[in-house]
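S.K.: What follows is the file run-v1.pdb, containing PDB, C-alpha atoms:
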ATOM      1  CA  MET A   1       0.000   0.000   0.000
ATOM      2  CA  LYS A   2       2.844   2.336   0.895
ATOM      3  CA  LYS A   3       4.524   1.703  -2.502
ATOM      4  CA  LEU A   4       1.210   2.422  -4.268
ATOM      5  CA  LEU A   5       0.856   5.756  -2.476
ATOM      6  CA  ILE A   6       4.413   6.696  -3.474
ATOM      7  CA  LEU A   7       3.690   5.875  -7.150
ATOM      8  CA  VAL A   8       0.444   7.862  -7.100
ATOM      9  CA  PHE A   9       2.208  10.837  -5.514
ATOM     10  CA  ALA A  10       4.958  10.687  -8.157
ATOM     11  CA  LEU A  11       2.394  10.547 -10.953
ATOM     12  CA  VAL A  12       0.606  13.598  -9.551
ATOM     13  CA  LEU A  13       3.884  15.523  -9.499
ATOM     14  CA  ILE A  14       4.606  14.613 -13.138
ATOM     15  CA  LEU A  15       1.119  15.580 -14.324
ATOM     16  CA  SER A  16       1.162  18.844 -12.429
ATOM     17  CA  ALA A  17       4.451  19.774 -14.052
ATOM     18  CA  MET A  18       3.289  19.101 -17.629
ATOM     19  CA  PRO A  19       1.116  22.213 -18.177
ATOM     20  CA  ALA A  20       4.003  24.445 -17.117
ATOM     21  CA  ALA A  21       6.352  22.719 -19.547
ATOM     22  CA  PHE A  22       3.927  23.144 -22.409
ATOM     23  CA  ALA A  23       3.277  26.742 -21.406
ATOM     24  CA  ASP A  24       7.003  27.467 -21.591
ATOM     25  CA  GLU A  25       7.168  26.043 -25.104
ATOM     26  CA  THR A  26       4.256  28.143 -26.370
ATOM     27  CA  GLU A  27       5.321  31.432 -24.780
ATOM     28  CA  ILE A  28       6.370  32.960 -28.078
ATOM     29  CA  GLN A  29       5.279  36.015 -29.987
ATOM     30  CA  VAL A  30       3.848  34.881 -33.312
ATOM     31  CA  THR A  31       4.477  37.325 -36.141
ATOM     32  CA  ASP A  32       3.588  37.033 -39.817
ATOM     33  CA  VAL A  33       7.169  36.140 -40.786
ATOM     34  CA  MET A  34       9.297  33.960 -38.488
ATOM     35  CA  LYS A  35      12.794  32.486 -38.562
ATOM     36  CA  VAL A  36      13.846  28.870 -37.910
ATOM     37  CA  VAL A  37      16.212  28.685 -34.913
ATOM     38  CA  ASN A  38      17.358  26.296 -32.141
ATOM     39  CA  CYS A  39      18.082  23.314 -34.389
ATOM     40  CA  GLU A  40      21.225  21.760 -35.873
ATOM     41  CA  GLU A  41      20.212  21.534 -39.533
ATOM     42  CA  TRP A  42      16.445  21.612 -40.099
ATOM     43  CA  VAL A  43      13.005  21.265 -38.535
ATOM     44  CA  SER A  44       9.945  19.374 -39.725
ATOM     45  CA  LEU A  45       6.967  21.030 -41.377
ATOM     46  CA  ARG A  46       4.152  18.650 -40.439
ATOM     47  CA  LYS A  47       0.695  18.050 -41.889
ATOM     48  CA  THR A  48      -1.072  18.488 -38.554
ATOM     49  CA  PRO A  49       0.053  19.972 -35.208
ATOM     50  CA  SER A  50       1.548  16.750 -33.859
ATOM     51  CA  ILE A  51       5.063  15.305 -33.693
ATOM     52  CA  ARG A  52       3.572  12.059 -35.017
ATOM     53  CA  ALA A  53       2.019  13.742 -38.070
ATOM     54  CA  GLU A  54       3.286  13.261 -41.616
ATOM     55  CA  ARG A  55       6.325  15.376 -42.478
ATOM     56  CA  LEU A  56       5.538  17.592 -45.481
ATOM     57  CA  ASN A  57       8.970  19.140 -45.783
ATOM     58  CA  THR A  58      12.164  19.963 -43.934
ATOM     59  CA  VAL A  59      12.861  23.646 -43.257
ATOM     60  CA  PRO A  60      16.581  24.493 -42.973
ATOM     61  CA  LEU A  61      18.048  26.399 -40.048
ATOM     62  CA  GLY A  62      17.909  30.146 -40.702
ATOM     63  CA  SER A  63      15.028  29.916 -43.194
ATOM     64  CA  TYR A  64      11.979  32.156 -43.021
ATOM     65  CA  VAL A  65       8.366  31.002 -42.933
ATOM     66  CA  SER A  66       5.351  33.226 -43.568
ATOM     67  CA  ASP A  67       1.596  33.428 -42.890
ATOM     68  CA  CYS A  68       2.324  32.366 -39.288
ATOM     69  CA  LYS A  69      -0.591  31.786 -36.923
ATOM     70  CA  GLU A  70      -0.921  30.321 -33.445
ATOM     71  CA  ALA A  71      -2.044  26.701 -33.521
ATOM     72  CA  THR A  72      -3.023  24.125 -30.943
ATOM     73  CA  GLY A  73      -0.515  22.688 -28.506
ATOM     74  CA  SER A  74       3.056  23.848 -29.025
ATOM     75  CA  PHE A  75       2.827  24.450 -32.786
ATOM     76  CA  VAL A  76       2.705  27.386 -35.164
ATOM     77  CA  GLU A  77       0.847  27.121 -38.476
ATOM     78  CA  CYS A  78       3.009  28.561 -41.265
ATOM     79  CA  THR A  79       3.935  28.386 -44.948
ATOM     80  CA  PHE A  80       7.290  27.405 -46.466
ATOM     81  CA  ASN A  81       7.923  27.147 -50.213
ATOM     82  CA  GLY A  82       4.190  27.152 -50.883
ATOM     83  CA  GLN A  83       3.399  24.371 -48.405
ATOM     84  CA  THR A  84       1.322  25.129 -45.330
ATOM     85  CA  GLY A  85       1.864  23.023 -42.245
ATOM     86  CA  TYR A  86       2.945  23.130 -38.607
ATOM     87  CA  ILE A  87       6.285  23.684 -36.870
ATOM     88  CA  LEU A  88       7.011  23.409 -33.159
ATOM     89  CA  ALA A  89       6.995  26.921 -31.706
ATOM     90  CA  LYS A  90      10.290  26.390 -29.860
ATOM     91  CA  TYR A  91      12.051  26.286 -33.233
ATOM     92  CA  LEU A  92      10.722  29.674 -34.380
ATOM     93  CA  GLU A  93      11.397  33.271 -33.420
ATOM     94  CA  PRO A  94       9.820  36.539 -34.583
ATOM     95  CA  SER A  95      11.598  37.889 -37.629
ATOM     96  CA  SER A  96      12.620  41.412 -38.488
ATOM     97  CA  GLN A  97      13.023  40.473 -42.158
ATOM     98  CA  ASP A  98       9.892  42.407 -43.047
ATOM     99  CA  ALA A  99      11.102  45.521 -41.205
ATOM    100  CA  TRP A 100      12.180  47.044 -44.525
ATOM    101  CA  LEU A 101       8.538  46.962 -45.649
ATOM    102  CA  THR A 102       6.237  49.534 -44.037
ATOM    103  CA  PHE A 103       2.534  48.854 -44.497
ATOM    104  CA  SER A 104      -0.300  51.322 -44.011
ATOM    105  CA  ASN A 105      -4.088  51.137 -44.137
ATOM    106  CA  LYS A 106      -4.285  54.897 -44.607
ATOM    107  CA  ALA A 107      -6.399  55.796 -47.635
ATOM    108  CA  VAL A 108      -4.405  57.201 -50.528
ATOM    109  CA  THR A 109      -5.336  58.149 -54.063
ATOM    110  CA  ILE A 110      -3.711  57.202 -57.329
ATOM    111  CA  SER A 111      -2.623  60.813 -57.746
ATOM    112  CA  ASN A 112      -0.896  60.687 -54.335
ATOM    113  CA  ILE A 113       1.451  57.987 -55.628
ATOM    114  CA  GLU A 114       1.739  59.370 -59.157
ATOM    115  CA  GLY A 115       2.898  62.660 -57.680
ATOM    116  CA  TYR A 116       5.783  60.947 -55.918
ATOM    117  CA  GLY A 117       9.013  60.686 -57.878
ATOM    118  CA  TYR A 118       9.204  58.714 -61.116
ATOM    119  CA  GLU A 119       7.100  55.771 -62.268
ATOM    120  CA  ASN A 120       8.448  52.334 -61.487
ATOM    121  CA  LEU A 121       5.329  50.298 -62.249
ATOM    122  CA  TYR A 122       1.834  50.904 -63.620
ATOM    123  CA  GLU A 123      -0.099  47.760 -64.466
ATOM    124  CA  LYS A 124      -3.695  46.595 -64.458
ATOM    125  CA  VAL A 125      -4.304  43.098 -63.101
ATOM    126  CA  GLY A 126      -7.944  42.063 -63.361
ATOM    127  CA  ASN A 127      -9.978  44.685 -61.495
ATOM    128  CA  TYR A 128      -6.923  46.072 -59.737
ATOM    129  CA  THR A 129      -4.354  48.703 -60.655
ATOM    130  CA  VAL A 130      -0.855  48.402 -59.237
ATOM    131  CA  ILE A 131       1.320  51.519 -59.117
ATOM    132  CA  ALA A 132       4.860  52.050 -57.834
ATOM    133  CA  HIS A 133       6.870  55.283 -57.782
ATOM    134  CA  THR A 134      10.414  55.936 -56.573
ATOM    135  CA  ALA A 135      12.189  59.075 -55.388
ATOM    136  CA  PRO A 136      15.211  60.135 -53.302
ATOM    137  CA  GLN A 137      14.441  60.252 -49.596
ATOM    138  CA  GLY A 138      17.033  61.817 -47.311
ATOM    139  CA  SER A 139      20.280  59.994 -47.984
ATOM    140  CA  GLY A 140      18.505  57.003 -49.514
ATOM    141  CA  GLU A 141      15.878  55.936 -52.039
ATOM    142  CA  LYS A 142      12.200  55.349 -51.249
ATOM    143  CA  MET A 143       9.575  53.451 -53.225
ATOM    144  CA  VAL A 144       5.814  53.606 -52.676
ATOM    145  CA  VAL A 145       3.696  50.714 -53.982
ATOM    146  CA  GLY A 146      -0.106  50.929 -54.007
ATOM    147  CA  VAL A 147      -2.931  48.642 -55.123
ATOM    148  CA  PHE A 148      -6.289  50.179 -56.089
ATOM    149  CA  ASP A 149      -9.665  48.621 -56.870
ATOM    150  CA  ALA A 150     -11.840  49.291 -59.939
ATOM    151  CA  ASN A 151     -13.173  52.474 -58.321
ATOM    152  CA  GLY A 152      -9.700  53.854 -57.675
ATOM    153  CA  ILE A 153      -9.937  53.211 -53.925
ATOM    154  CA  SER A 154      -6.708  52.091 -52.277
ATOM    155  CA  VAL A 155      -6.713  48.490 -51.070
ATOM    156  CA  TRP A 156      -3.255  48.618 -49.490
ATOM    157  CA  TYR A 157       0.097  50.265 -49.953
ATOM    158  CA  VAL A 158       3.622  49.699 -48.764
ATOM    159  CA  THR A 159       6.849  51.696 -48.720
ATOM    160  CA  THR A 160      10.459  50.563 -48.680
ATOM    161  CA  GLU A 161      13.665  52.562 -48.310
ATOM    162  CA  THR A 162      17.381  52.087 -48.814
ATOM    163  CA  ALA A 163      20.125  53.608 -46.694
ATOM    164  CA  TYR A 164      21.925  55.148 -49.649
ATOM    165  CA  VAL A 165      21.498  56.141 -53.290
ATOM    166  CA  SER A 166      23.548  55.279 -56.367
ATOM    167  CA  GLU A 167      23.446  55.709 -60.124
ATOM    168  CA  LEU A 168      21.294  52.551 -60.178
ATOM    169  CA  SER A 169      17.690  52.022 -59.160
ATOM    170  CA  LEU A 170      17.856  50.218 -55.822
ATOM    171  CA  THR A 171      14.114  49.552 -55.491
ATOM    172  CA  GLU A 172      11.787  47.951 -58.024
ATOM    173  CA  ALA A 173       8.301  46.462 -58.177
ATOM    174  CA  PHE A 174       6.747  44.094 -60.701
ATOM    175  CA  ILE A 175       3.889  41.607 -61.042
ATOM    176  CA  GLY A 176       4.707  37.992 -60.279
ATOM    177  CA  GLY A 177       2.823  34.837 -59.414
ATOM    178  CA  THR A 178       0.316  33.310 -61.809
ATOM    179  CA  ALA A 179      -2.876  34.528 -63.475
ATOM    180  CA  ALA A 180      -4.911  32.689 -60.841
ATOM    181  CA  SER A 181      -2.788  33.893 -57.922
ATOM    182  CA  PRO A 182      -0.975  37.147 -58.760
ATOM    183  CA  MET A 183       1.629  38.704 -56.477
ATOM    184  CA  VAL A 184       3.273  42.090 -56.227
ATOM    185  CA  MET A 185       7.024  41.636 -56.100
ATOM    186  CA  VAL A 186       8.943  44.267 -54.128
ATOM    187  CA  HIS A 187      12.712  44.371 -54.476
ATOM    188  CA  ASN A 188      15.070  46.352 -52.261
ATOM    189  CA  SER A 189      18.649  45.691 -53.385
ATOM    190  CA  THR A 190      20.004  46.184 -49.859
ATOM    191  CA  CYS A 191      17.447  43.833 -48.255
ATOM    192  CA  GLY A 192      15.927  41.296 -50.619
ATOM    193  CA  LEU A 193      12.884  40.290 -52.636
ATOM    194  CA  ALA A 194       9.389  40.036 -51.128
ATOM    195  CA  ALA A 195       6.259  38.466 -52.605
ATOM    196  CA  LEU A 196       3.013  40.152 -51.502
ATOM    197  CA  ASP A 197      -0.502  38.901 -52.156
ATOM    198  CA  LEU A 198      -1.967  41.328 -54.676
ATOM    199  CA  THR A 199      -5.416  41.543 -53.111
ATOM    200  CA  THR A 200      -4.435  41.727 -49.435
ATOM    201  CA  GLY A 201      -0.804  42.854 -49.300
ATOM    202  CA  ARG A 202       0.005  39.907 -47.056
ATOM    203  CA  ILE A 203       3.603  38.678 -47.260
ATOM    204  CA  ARG A 204       3.778  35.254 -48.872
ATOM    205  CA  TRP A 205       7.550  34.916 -48.644
ATOM    206  CA  ILE A 206      10.790  36.854 -48.425
ATOM    207  CA  LEU A 207      14.047  35.934 -50.127
ATOM    208  CA  SER A 208      16.726  37.829 -48.231
ATOM    209  CA  ARG A 209      19.753  39.420 -49.862
ATOM    210  CA  ASN A 210      21.900  37.119 -47.719
ATOM    211  CA  LYS A 211      20.592  34.150 -49.722
ATOM    212  CA  VAL A 212      20.911  35.714 -53.155
ATOM    213  CA  SER A 213      21.876  39.201 -54.325
ATOM    214  CA  LEU A 214      20.064  40.326 -57.454
ATOM    215  CA  GLY A 215      21.972  43.560 -58.004
ATOM    216  CA  GLY A 216      20.480  46.954 -58.838
ATOM    217  CA  SER A 217      18.309  48.210 -61.702
ATOM    218  CA  ILE A 218      17.097  44.643 -62.030
ATOM    219  CA  SER A 219      15.662  43.043 -65.146
ATOM    220  CA  TYR A 220      13.144  40.237 -64.925
ATOM    221  CA  ALA A 221      10.914  37.886 -66.880
ATOM    222  CA  VAL A 222       8.047  35.857 -65.408
ATOM    223  CA  ALA A 223       6.812  32.586 -66.925
ATOM    224  CA  GLU A 224       3.157  31.490 -66.894
ATOM    225  CA  ASP A 225       3.787  29.125 -63.977
ATOM    226  CA  GLY A 226       5.208  31.997 -61.900
ATOM    227  CA  THR A 227       8.875  31.060 -62.324
ATOM    228  CA  MET A 228      10.996  34.233 -62.321
ATOM    229  CA  TYR A 229      14.275  34.979 -64.034
ATOM    230  CA  ILE A 230      16.008  37.976 -62.466
ATOM    231  CA  GLY A 231      19.370  39.696 -62.741
ATOM    232  CA  GLY A 232      20.787  43.205 -62.595
ATOM    233  CA  TYR A 233      23.764  45.515 -62.663
ATOM    234  CA  TYR A 234      26.461  44.533 -60.177
ATOM    235  CA  GLY A 235      24.512  41.358 -59.547
ATOM    236  CA  PRO A 236      24.786  37.815 -60.864
ATOM    237  CA  ASP A 237      23.838  36.471 -64.247
ATOM    238  CA  PRO A 238      20.132  35.470 -64.294
ATOM    239  CA  VAL A 239      18.825  33.719 -61.201
ATOM    240  CA  CYS A 240      15.855  31.359 -61.521
ATOM    241  CA  ILE A 241      13.424  31.730 -58.617
ATOM    242  CA  GLY A 242      10.343  29.544 -58.149
ATOM    243  CA  VAL A 243       6.887  30.936 -57.509
ATOM    244  CA  ASN A 244       7.295  29.930 -53.858
ATOM    245  CA  GLY A 245      10.559  31.824 -53.378
ATOM    246  CA  ASN A 246      12.971  28.926 -53.790
ATOM    247  CA  VAL A 247      16.182  29.536 -55.755
ATOM    248  CA  ILE A 248      16.128  26.892 -58.508
ATOM    249  CA  TRP A 249      19.453  27.763 -60.131
ATOM    250  CA  ARG A 250      21.982  30.536 -60.637
ATOM    251  CA  SER A 251      23.394  30.841 -64.120
ATOM    252  CA  SER A 252      26.940  31.898 -64.943
ATOM    253  CA  SER A 253      28.443  32.836 -68.261
ATOM    254  CA  GLY A 254      31.852  31.819 -66.915
ATOM    255  CA  ARG A 255      33.332  34.840 -68.642
ATOM    256  CA  SER A 256      34.718  38.018 -67.118
ATOM    257  CA  ASP A 257      34.000  40.017 -70.292
ATOM    258  CA  ILE A 258      30.196  39.699 -70.022
ATOM    259  CA  TYR A 259      28.560  42.037 -67.504
ATOM    260  CA  TRP A 260      25.921  44.664 -66.747
ATOM    261  CA  LEU A 261      22.721  42.781 -67.577
ATOM    262  CA  TYR A 262      19.846  45.106 -68.526
ATOM    263  CA  ASP A 263      17.108  43.008 -70.177
ATOM    264  CA  ILE A 264      15.777  39.427 -70.084
ATOM    265  CA  GLN A 265      13.411  37.893 -72.632
ATOM    266  CA  LEU A 266      11.777  34.479 -72.610
ATOM    267  CA  GLN A 267      12.409  32.599 -75.858
ATOM    268  CA  GLU A 268      11.326  29.144 -76.943
ATOM    269  CA  ASN A 269      14.894  27.875 -76.677
ATOM    270  CA  GLY A 270      15.910  29.758 -73.534
ATOM    271  CA  LEU A 271      16.593  33.129 -71.929
ATOM    272  CA  LEU A 272      17.837  35.862 -74.219
ATOM    273  CA  CYS A 273      19.809  38.274 -72.056
ATOM    274  CA  CYS A 274      21.045  41.706 -73.108
ATOM    275  CA  TYR A 275      24.299  42.998 -71.613
ATOM    276  CA  GLU A 276      25.918  46.424 -71.791
ATOM    277  CA  MET A 277      29.364  44.924 -72.190
ATOM    278  CA  VAL A 278      30.186  41.766 -74.135
ATOM    279  CA  GLY A 279      33.613  40.687 -75.374
ATOM    280  CA  LYS A 280      36.808  42.640 -75.938
ATOM    281  CA  SER A 281      34.993  45.359 -77.857
ATOM    282  CA  ASN A 282      33.048  46.309 -74.718
ATOM    283  CA  GLN A 283      29.857  46.751 -76.703
ATOM    284  CA  ARG A 284      26.314  45.609 -76.113
ATOM    285  CA  GLY A 285      25.632  41.995 -76.903
ATOM    286  CA  LEU A 286      23.222  39.096 -76.463
ATOM    287  CA  VAL A 287      23.721  35.946 -74.437
ATOM    288  CA  LEU A 288      21.420  32.932 -74.658
ATOM    289  CA  TYR A 289      21.038  30.632 -71.640
ATOM    290  CA  ASN A 290      18.964  27.461 -71.708
ATOM    291  CA  TYR A 291      16.261  26.856 -69.083
ATOM    292  CA  GLN A 292      18.746  25.032 -66.894
ATOM    293  CA  GLY A 293      20.944  28.140 -66.648
ATOM    294  CA  LYS A 294      23.687  26.944 -69.012
ATOM    295  CA  LEU A 295      25.264  29.318 -71.556
ATOM    296  CA  VAL A 296      24.304  28.363 -75.115
ATOM    297  CA  GLU A 297      25.428  31.215 -77.369
ATOM    298  CA  VAL A 298      27.010  34.670 -77.302
ATOM    299  CA  LYS A 299      26.188  37.252 -79.987
ATOM    300  CA  GLN A 300      27.904  40.605 -80.409
TER     301      GLN A 300
END
Starting from the file, give its structure as structure tokens.
M.R.:
Amino acid sequence: MKKLLILVFALVLILSAMPAAFADETEIQVTDVMKVVNCEEWVSLRKTPSIRAERLNTVPLGSYVSDCKEATGSFVECTFNGQTGYILAKYLEPSSQDAWLTFSNKAVTISNIEGYGYENLYEKVGNYTVIAHTAPQGSGEKMVVGVFDANGISVWYVTTETAYVSELSLTEAFIGGTAASPMVMVHNSTCGLAALDLTTGRIRWILSRNKVSLGGSISYAVAEDGTMYIGGYYGPDPVCIGVNGNVIWRSSSGRSDIYWLYDIQLQENGLLCCYEMVGKSNQRGLVLYNYQGKLVEVKQ
């Protein structure tokens, strides 16, 4: 009887300690974008909020996940590379990666943005109009991006700034995603590339400059499936980025006499890229890469 009482007492102590342990694990501020931490290589993105659930993907240490929401137990619901699942909260921390994007619900007009600096983007997408203008701001460069409905009423807008200016454009905006799920792409050459839902402004993903630098005054081409091909001055040769923000490949001409990319066109047989300097003559030329990022032909 005495042994039974000791076992019961021990069990009570264990059970009473469990809520506190779980509470410690879930005491985390959940923000829209979060960073994977506290692991050696990767964490599991699971189908349901359970350590026994199917693993959908592995998320490497230092990666960012978006659309984060509190879930049951010790998990956070989030999206990585287009897959939505659950990660243990203890492996995530609030991220400042979106700090270079400043959102506002303040009503603005199309003329408010058009009166700011020079036009970076003006495009109609379905019933929406997307406008971006850039201008010097203090010692840096500032871009304002706004989305307006069919009546010209602002749905959302965002600003981004750089810490310095140069002879290049350091901020750009363009339409990405697919026809069924369009995105507004915002590029800040000192920070990275962000994909924003066109209708809500919600961040879908961020590809930081630490992962891949795209240069300044970028050029881009977007395929029907949302695959992007991007490159710029002082950046790499074209980089292939998936619709979910994953870097598929980085091309390289392998030549030091090809540089300053300024235009990318999608051709049936590959990417036709225009460079300011090609060959010993230092004149404009064309370089064709196949869709695996390999150099095919150089034309001067």
S.K.: Given the choices A:Ser96, A:Thr79, A:Asn120, A:Ser104, which gets closest to A:Val59 if the distance is worked out from all atoms listed in the file?
M.R.: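 Selected residue with least distance to A:Val59: A:Thr79.
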S.K.: Using only C-alpha atoms, which protein or nucleic acid residues come within 9 Å of A:Thr162? Drop anything in the same chain fewer than 3 positions from it, and give the result as a CSV table (one decimal) with C-alpha atoms, in the coordinates of the input.
M.R.:
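And here is the file that came out, around_10.csv:
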chain,number,residue,atom,x,y,z
A,100,TRP,CA,12.2,47.0,-44.5
A,137,GLN,CA,14.4,60.3,-49.6
A,139,SER,CA,20.3,60.0,-48.0
A,140,GLY,CA,18.5,57.0,-49.5
A,141,GLU,CA,15.9,55.9,-52.0
A,142,LYS,CA,12.2,55.3,-51.2
A,165,VAL,CA,21.5,56.1,-53.3
A,170,LEU,CA,17.9,50.2,-55.8
A,171,THR,CA,14.1,49.6,-55.5
A,188,ASN,CA,15.1,46.4,-52.3
A,189,SER,CA,18.6,45.7,-53.4
A,190,THR,CA,20.0,46.2,-49.9
A,191,CYS,CA,17.4,43.8,-48.3
S.K.: Please determine, counting all atoms listed in the file, which residue among A:Ile113, A:Asn151, A:Ser219, A:Trp156 has the shortest atom-to-atom distance to A:Ala135.
M.R.: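 Among A:Ile113, A:Asn151, A:Ser219, A:Trp156, it is A:Ile113 that comes nearest to A:Ala135.
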S.K.: Run the PyMOL selection byres ((chain A and resi 231) around 12) mentally over the shown coordinates, then write out the matched residues as a PyMOL selection string, using the chain letters and numbers from the document.
M.R.: chain A and resi 187+189+212-221+228-230+232-241+250-252+259-265+271+273-275
S.K.: Please measure the separation of atom CA of A:Arg55 and atom CA of A:Gly85, giving the value in Å to one decimal.
M.R.: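 Computing the Euclidean distance for atom CA of A:Arg55 and atom CA of A:Gly85 yields 8.9 Å.
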